[in-house]
Amino acid sequence: MNEHYSNYVNNRVLKIQIGFLLNETVGESRDTEFDVPHLLVDNDLLLEHLSGKLHFSRNSRGVLVQGKLHAQLHGECTRCLEQAPINVELPIEELYVSPPQPDAEFSIPESGILDLAPLIREEVIVQTPITVLCRPDCAGLCPTCGANLNEGPCDCERDTIDPRLAALKALRDQLQDE
């Protein structure tokens, strides 16, 4: 296992034995709380501090999982390319069908172990914003030299103008002189 992943808990904590709930009558329910500091959901998905509460309720088709989880992951700022924390809220509401059926997206296998990792992975992907900023006033990178402008100004000349806009600049300068 990669050294970077050594502090992360394996996604086995997302596999929950609910076979006992399948043997109960319709309407029975249980709650489970999560508080995992570092979780490796998949090879390319690392979560920091997954927390929240899930409610598992038995119904005639299987087990309905409902709740809200919170997590943090690391992304890349779209302006300066530095690491940026992303806080995500994961609303969970999914029916796990039992016995397994071919048309069901999620089902409970014969072992009675419900694997939440695929569902949490999907929710994280959906809830992760497309644009990530390290901070609201991120200055980004200099388009000429690539320096991170959050660390200070660079020595590049800023008065260059796109040749396609030169006529507008000339008009603006003319109007300012009048």
# chains A, B, ... in the order shown; residues from 1 in each chain; ligands from 1

call {"tool": "closest_atom_pairs", "arguments": {"of": "region 69-177 of chain A", "to": "region 21-33 of chain A", "cutoff": "10 Å", "atoms": "only C-alpha atoms", "output": "CSV"}}
result
residue,atom,partner,partner_atom,distance
A:Leu69,CA,A:Glu33,CA,9.2
A:Ser98,CA,A:Leu22,CA,8.0
A:Pro99,CA,A:Leu22,CA,9.6
A:Ile108,CA,A:Leu22,CA,9.5
A:Gly112,CA,A:Leu22,CA,7.8

call {"tool": "select_by_dssp", "arguments": {"residues": "region 41-175 of chain A", "states": "alpha helix (DSSP H)", "output": "PyMOL selection string"}}
result
chain A and resi 117-127+166-175

call {"tool": "closest_residue", "arguments": {"among": "A:Arg158, A:Arg121, A:Arg164, A:His70", "to": "Asp42 (chain A)", "atoms": "only C-alpha atoms"}}
result
A:Arg121

call {"tool": "residues_around", "arguments": {"residues": "region 91-95 of chain A", "least_positions_apart": "3", "cutoff": "12 Å", "atoms": "only C-alpha atoms", "output": "ChimeraX atom specification"}}
result
/A:52-71,88,98,100,104-108,114,116,118-124,126-127
